[in-house]
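Read through the structure below, which is laid out as structure tokens, and then see the notes.
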2 protein chains.
Amino acid sequence: MKTDRILVTHGGGGALTRELIEETIAPIFNSELLNKFEDSSLIPATDRLVMTTDSHVVKPLFFPGGDIGRLSISGTVNDIATSGARPLAISVGLIIEEGFSLEDLKIILKSMKDTADEAEVHIITGDTKVVERGKADGIYINTSAVGLLPEDIHLRPANIEPGDAVLITGPIGNHEAAIIAARNELLPDVKISSDCAPLGGLIKKLIDEVPEVKCARDPTRGGVAATLIEIIESSGFGVELDEKEIPVDDDVKSLCDILGMDPLLMANEGKMLIFVPEDRSNRALEVMRKDKYGKNSRKIGFVTDNKKRLVLRTIYGAKRIITMPMGSQLPRIC
Amino acid sequence: MKTDRILVTHGGGGALTRELIEETIAPIFNSELLNKFEDSSLIPATDRLVMTTDSHVVKPLFFPGGDIGRLSISGTVNDIATSGARPLAISVGLIIEEGFSLEDLKIILKSMKDTADEAEVHIITGDTKVVERGKADGIYINTSAVGLLPEDIHLRPANIEPGDAVLITGPIGNHEAAIIAARNELLPDVKISSDCAPLGGLIKKLIDEVPEVKCARDPTRGGVAATLIEIIESSGFGVELDEKEIPVDDDVKSLCDILGMDPLLMANEGKMLIFVPEDRSNRALEVMRKDKYGKNSRKIGFVTDNKKRLVLRTIYGAKRIITMPMGSQLPRIC
């Protein structure tokens, strides 16, 4: 898309974000590691350390099921978990708006601390900047983390092969649906909670029990669709999803029906897509379902040799090709 | 200071920033490492890896001597260098305002890449968020970095002792003076360049030649005064500065005279304070002066056993106690 200005959609996690990264950022930074477009990158000169970064600009700051604090820790430890690594340390960069309530700041910090404790990661360094009134909507939070890969583990798209099962840790769309409902005064009766949660524990247990796991990725901005398309573009294979197997909560489904949205494109903040050899998929599901954030884990599809195509087998049995969404259906969801 | 709202001064790097961290952030995060208030922190479960984070909100984005891109890489690699570590990897988190010029974005990214190359650090992972028009003043940039400490090296305030020499790599106040001049249309004839530069190379050469170096710290927000007070509060000792030895460029001095500002309180982005045993100070100065960013290195004072007091011997021979400034003399300088 030709434009000489940044558009809101450039931050939506879809085709336009990808275009910005591929055509503007990556050619300038010219880094092999950055070009892999993975959620966390191996640190050079080390063989088992990974690093990731995420800035959080979610609006509103507090929403059912979480707040920007819980989100900022969960999002970053989940990115570390996608490689199979365990988080060692996390940094916190606060950009606070002048006039922001100290009481709200404390609630957000407490939420970060609780989530970091739950994720068993140390907050070891930080930075605080203040910008004038009207900027920053209260607070923006960057979290960056370093993780350690267990011996012989490196989950990534390059590992996947046709026939592998595609699993998800639970129903999709809840985070974005919760944000939509929280922003929309016309939907006072909709009570949807964000799924926002740290998934390092689930991934660790899964790898311990099923070391054959090949790839994990958290379907945040752009949803399951954008995330799967990114994976298949890296791997060179395709994925076929079975619509009737994809878990969506009833209230999320209703909201989507009212607003004409597609849960496959909606952001999640406490879900993980897992690729595992088909013959290990039942065992993987067993392990995932024992974790409190994986109780409703399901097999939703499989890897095909249909090059780089994401295909949805609909509930009516038809097959539909899903293409990369331009970007999130709404801005500032994370 | 009792307030229930965030003030601009909370971000100024002085007493109020310290108060926010000590009374609000640190008690909640409750981390021993965070409580050391160092510019970079050791990563737990490793013995030689350090991590740091910095968000950059400088206004204007482009200024004589640099831009937010060069600043964001320099600031973070300098924080890694303060421990004596060499940077291994850096992450980039962009928060971009809708409507921001793609051309300006490219200039900033190019500047980040050039500075990263100069600092010999790999940009390995990134994140891009977009916020609505009117937010973020174009762009805010978070950079976080991981560094590796050389064997047997860990520069820190705990190492210093009475008698140690205090060195500075060159004249002070240039960055903040450049920002003031760039913002102020009433000062069209003032041509001051920011000193914004990555100092990892200088520190590496210094440690190689003078391994007795004890502590290094870049005097950014709050200037030499706030930085020295932080160091002496950690170490338990005092510092006496000799005003006539403190290098200040003539145009910076003139600007300070006009505006009634004190160079000791002004931010630098390419300077380093170095603590070294007195008998190694001449050799250290020799090495520092060979680096392009240390040509005008000077000895400006020494460590005393005057507990936690920063004393300035003025050009008239009087002694003046310098206390922690409330915060930067102007907001958004980095």
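Starting from 1 in every chain, residues are counted up; chains themselves are A, B, ... following the order of the structure tokens, and ligands are numbered from 1 as listed.
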
Quiz item: What lies within 7 Å of Val121 (chain A) using only C-alpha atoms, ignoring chain neighbours under 6 positions off, as a list in words?
Solution: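 So, after excluding close chain neighbours, the residues are Pro87, Leu88, Ala89 and Ile90 of chain A.
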
Self-check item: Asp218 (chain A) environment, 10 Å, only C-alpha atoms, sequence neighbours closer than 4 positions dropped, as a list in words
Solution: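 Near neighbours after the sequence-gap exclusion: Asp39, Gly75, Asn78, Asp79, Ala81, Thr82, Ile168, Thr169, Leu199, Gly223, Val224, Thr227, Leu228, Ala267, Asn268, Glu269, Gly270, Lys271, Met272, Leu273 and Ile274 of chain A.
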
Quiz item: Out of region 186-308 of chain B, which residues get strand (DSSP E or B) from DSSP, as JSON, numbers by chain?
Solution: {"B": [215, 216, 217, 238, 239, 240, 241, 242, 273, 274, 275, 276, 298, 299, 300, 301, 302, 303, 304]}

Using the selection just defined, write its residues with N, CA and C atoms as a compact mmCIF listing (two decimals), in the first residue's frame.
```txt
# COMPACT_ATOMS: atom_id res chain seq x y z
N CYS B 215 34.48 2.44 38.66
CA CYS B 215 33.07 2.76 38.45
C CYS B 215 32.97 3.71 37.27
N ALA B 216 31.91 3.59 36.50
CA ALA B 216 31.65 4.51 35.39
C ALA B 216 30.17 4.82 35.41
N ARG B 217 29.80 6.05 35.07
CA ARG B 217 28.37 6.36 35.03
C ARG B 217 28.17 7.52 34.07
N GLY B 238 31.93 10.48 49.97
CA GLY B 238 31.61 11.77 49.36
C GLY B 238 32.47 12.03 48.14
N VAL B 239 32.17 13.14 47.45
CA VAL B 239 33.02 13.56 46.33
C VAL B 239 33.25 15.06 46.45
N GLU B 240 34.51 15.48 46.19
CA GLU B 240 34.78 16.91 46.10
C GLU B 240 35.18 17.24 44.67
N LEU B 241 34.47 18.19 44.09
CA LEU B 241 34.74 18.61 42.71
C LEU B 241 35.50 19.93 42.73
N ASP B 242 36.37 20.11 41.73
CA ASP B 242 37.12 21.36 41.61
C ASP B 242 36.53 22.13 40.42
N LEU B 273 31.42 9.66 33.54
CA LEU B 273 32.19 9.90 34.76
C LEU B 273 32.92 8.61 35.09
N ILE B 274 34.22 8.72 35.39
CA ILE B 274 35.04 7.54 35.64
C ILE B 274 35.69 7.67 37.02
N PHE B 275 35.61 6.61 37.81
CA PHE B 275 36.30 6.56 39.11
C PHE B 275 37.46 5.59 38.98
N VAL B 276 38.67 6.05 39.38
CA VAL B 276 39.87 5.23 39.20
C VAL B 276 40.83 5.57 40.35
N ARG B 298 39.22 15.07 31.53
CA ARG B 298 39.83 15.83 32.62
C ARG B 298 39.59 15.15 33.95
N LYS B 299 40.51 15.40 34.86
CA LYS B 299 40.26 15.02 36.25
C LYS B 299 39.52 16.18 36.90
N ILE B 300 38.37 15.90 37.49
CA ILE B 300 37.56 17.01 38.02
C ILE B 300 37.36 16.94 39.54
N GLY B 301 37.85 15.88 40.16
CA GLY B 301 37.64 15.80 41.60
C GLY B 301 38.15 14.49 42.17
N PHE B 302 37.78 14.23 43.43
CA PHE B 302 38.23 13.00 44.09
C PHE B 302 37.21 12.56 45.13
N VAL B 303 37.31 11.29 45.50
CA VAL B 303 36.40 10.73 46.50
C VAL B 303 36.90 11.10 47.90
N THR B 304 35.99 11.52 48.77
CA THR B 304 36.34 11.89 50.15
C THR B 304 35.64 10.94 51.12
```

Practice problem: Enumerate as a PyMOL selection string the residues belonging to chain B that approach chain A to within 7 Å, with only C-alpha atoms taken into account. | Solution: chain B and resi 4-8+10-11+24-25+28-29+31+33-34+40-41+43-44+52-55+88-89+91+93+98-103+106+109-110+113+123-132+135-136+142+144+332

Practice problem: Give me the residues within 9 Å of region 277-282 of chain B as a list in words, counting only C-alpha atoms and dropping any in the same chain fewer than 4 places off. | Solution: Ile160, Glu161, Gly163, Asp164, Ala165, Val166, Leu167, Val210, Glu212, Val213, Lys214, Glu286, Val287, Lys299 and Phe302 of chain B

Practice problem: Run DSSP on the backbone of this structure and report the residues of region 144-321 of chain B it assigns to helix (DSSP H, G or I), as an MDAnalysis selection string. | Solution: chainID B and resid 157:159 174:183 200:209 223:235 243:245 250:259 263:265 278:290
